[in-house]
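Okay, so here's the structure we're looking at.
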Amino acid sequence: MSNKYCENNNSLSVRLLDWYDSNRRILPWREDPSPYHVWLSEIMLQQTRVEAVRDYYARFLRKLPTIEALAEAEEDLCTKLWQGLGYYSRVRNLRRAAKQIMDDYDGIMPATSHELQRLAGIGPYTAAAIASICFDERIPAIDGNLLRVFSRMTGYDKDIKNTAAKAAAREYYDEIFPKERCGDFNQALMDLGACICLPNGTPLCEDCPWMDFCRANADGTCQQLPVTAPKASRDIEYKTVFLIYYQGRLALRRRPDRGLLAGLYEYPNTDGTLHNSDISAYLQQLGFSSVRVRPLGQAKHIFTHKEWHMTGWEILADEWEEFTSGRPKQHELFLASASELRDVYSIPSAFAKYTSQIRPDYLEET
């Protein structure tokens with residue numbers, strides 16, 4: 001399609017790159033943009049704020065500084081390093097893709113967006129970001145930021161998340177994309193969307209290098225664009241969660257390998273809201289005899305398509321008939337020491353309220 005919304009396509013790219021040179025965000029993966037660093041940052045940034053990623057990024061690289069180290073790492077180490085970021089399939093795919101790179105590409109990251117999409121967990125956006133930033137491929141990295149900027153720049157008033165919208169955005173950016181500094185241009189668009197053409201609240205149009213070319217700014221429709229379909233309502237599930245202490249350790253179990261929070265570790269829990277009169281019977285099913293029961297309050301965690309409404313209880317146990325030693329089997333309860341909780345087992349942030357109430361004085365270090 002002809003870009004009828006701007007007078008000069010070259011002027012748009014020049015203006016944006018000039019703005020970026022003076023206003024770009026200083027981010028660690030931009031200061032050392034190796035393919036591994038850019039790849040890791042882009043996967044971490046999916047569904048996650050930049051400020052939340054900084055510390056995770058640094059910690060991950062301290063433990064796994066190369067693609068080879070990632071490919072050789074145990075899955076539990078990877079998920080532990082990811083703990084708190086959520087969407088754990090991302091880190092499993094990172095590890096899987098690292099193995100692919102070592103096995104199929106002699107340890108060298110593929111250099112084109114087409115080849116990058118052969119790797120686990122890398123879709124069109126991530127492939128375009130890596131290929132443009134690291135290898136200067138001329139390809140727009142279409143994400144939420146670029147879609148929002150496109151919608152406002154052109155006055156696009158249809159659902160921005162459908163396939164037609166993404167195709168229209170790609171055509172729009174193809175026309176204005178420069179032949180050089182391709183990675184900088186994508187990152188400039190990301191910064192424009194994240195810092196100026198804001199997703200929530202009033203966009204900072206007076207600070208925008210493209211204000212004079214923007215249809216939404218001219219029409220006063222920035223707050224109405226982009227258009228998105230209403231979100232479906234989430235299902236609510238009620239759960240009762242237990243912190244069970246026994247002989248200086250805390251009871252955990254591993255979740256199934258498929259489904260929500262697959263393969264992560266959790267505190268024993270059951271569906272429904274148990275009250276005081278129900279707790280003893282449930283603990284007996286697990287093989288525990290309790291000497292003290294204390295309420296830990298309620299918590300809520302929101303997933304994409306469901307919510308957990310939880311009630312927590314602290315249990316001091318003096319017997320466990322089903323105690324088994326050795327490496328835990330899937331779904332089986334096992335006991336973790338303080339150091340194992342800290343360094344080994346990854347507990348999802350869904351249980352954050354109860355994790356924060358763990359009593360170190362009830363636990364042995366090893």
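Each chain of the structure tokens is named A, B, ... in the order shown, its residues numbered from 1; ligands are numbered from 1 in display order.
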
Report as a ChimeraX atom specification all protein, DNA and RNA residues lying within 12 Å of Glu51 of chain A, evaluated on only C-alpha atoms, omitting residues in the same chain fewer than 2 positions from it.
/A:25-28,41,44-45,48-49,53-57,85

Skip Phe303 of chain A itself and residues of its chain fewer than 6 positions away, then list as a ChimeraX atom specification all residues within 10 Å of it, counting only C-alpha atoms.
/A:86-87,234-235,260,350

Take the residues that were just selected and, keeping N, CA and C atoms, output them as an mmCIF file, in the first residue's frame.
data_model
loop_
_atom_site.group_PDB
_atom_site.id
_atom_site.type_symbol
_atom_site.label_atom_id
_atom_site.label_comp_id
_atom_site.auth_asym_id
_atom_site.auth_seq_id
_atom_site.Cartn_x
_atom_site.Cartn_y
_atom_site.Cartn_z
ATOM 1 N N GLY A 86 8.090 -15.785 35.184
ATOM 2 C CA GLY A 86 6.871 -16.369 34.647
ATOM 3 C C GLY A 86 7.039 -16.890 33.224
ATOM 4 N N TYR A 87 5.968 -17.478 32.695
ATOM 5 C CA TYR A 87 5.977 -18.033 31.338
ATOM 6 C C TYR A 87 7.231 -18.898 31.134
ATOM 7 N N ARG A 234 -11.842 -14.442 32.586
ATOM 8 C CA ARG A 234 -11.001 -15.536 33.071
ATOM 9 C C ARG A 234 -11.794 -16.454 34.005
ATOM 10 N N ASP A 235 -11.498 -17.742 33.939
ATOM 11 C CA ASP A 235 -12.069 -18.695 34.882
ATOM 12 C C ASP A 235 -11.402 -18.512 36.238
ATOM 13 N N LEU A 260 -0.234 -25.885 32.852
ATOM 14 C CA LEU A 260 0.121 -24.669 33.566
ATOM 15 C C LEU A 260 1.297 -24.899 34.509
ATOM 16 N N ALA A 350 3.271 -17.380 41.358
ATOM 17 C CA ALA A 350 1.874 -17.561 41.766
ATOM 18 C C ALA A 350 1.766 -17.789 43.268
#

Spatial neighbours of segment 200-211 of chain A, max dist 10 Å, only C-alpha atoms, sep filter under 5 positions, as an MDAnalysis selection string
chainID A and resid 6 11:20 149 153 192:195 216:218 222:223

For segment 262-279 of chain A: contacts at 6 Å, only C-alpha atoms, fewer than 3 positions along chain excluded, given as a list of chain:residue names
A:Tyr238, A:Lys239, A:Thr240, A:Val241, A:Phe242, A:Leu252, A:Arg253, A:Arg254, A:Arg255, A:Pro256, A:Asp257, A:Arg258, A:Gly259, A:Tyr282, A:Ser346, A:Ile347

Out of A:Tyr246, A:Trp308, A:Phe334, A:Phe150, which residue has the shortest atom-to-atom distance to Ala169 of chain A when counting only C-alpha atoms?
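Looking at the shortest contact to Ala169 of chain A, the residue is A:Phe150.
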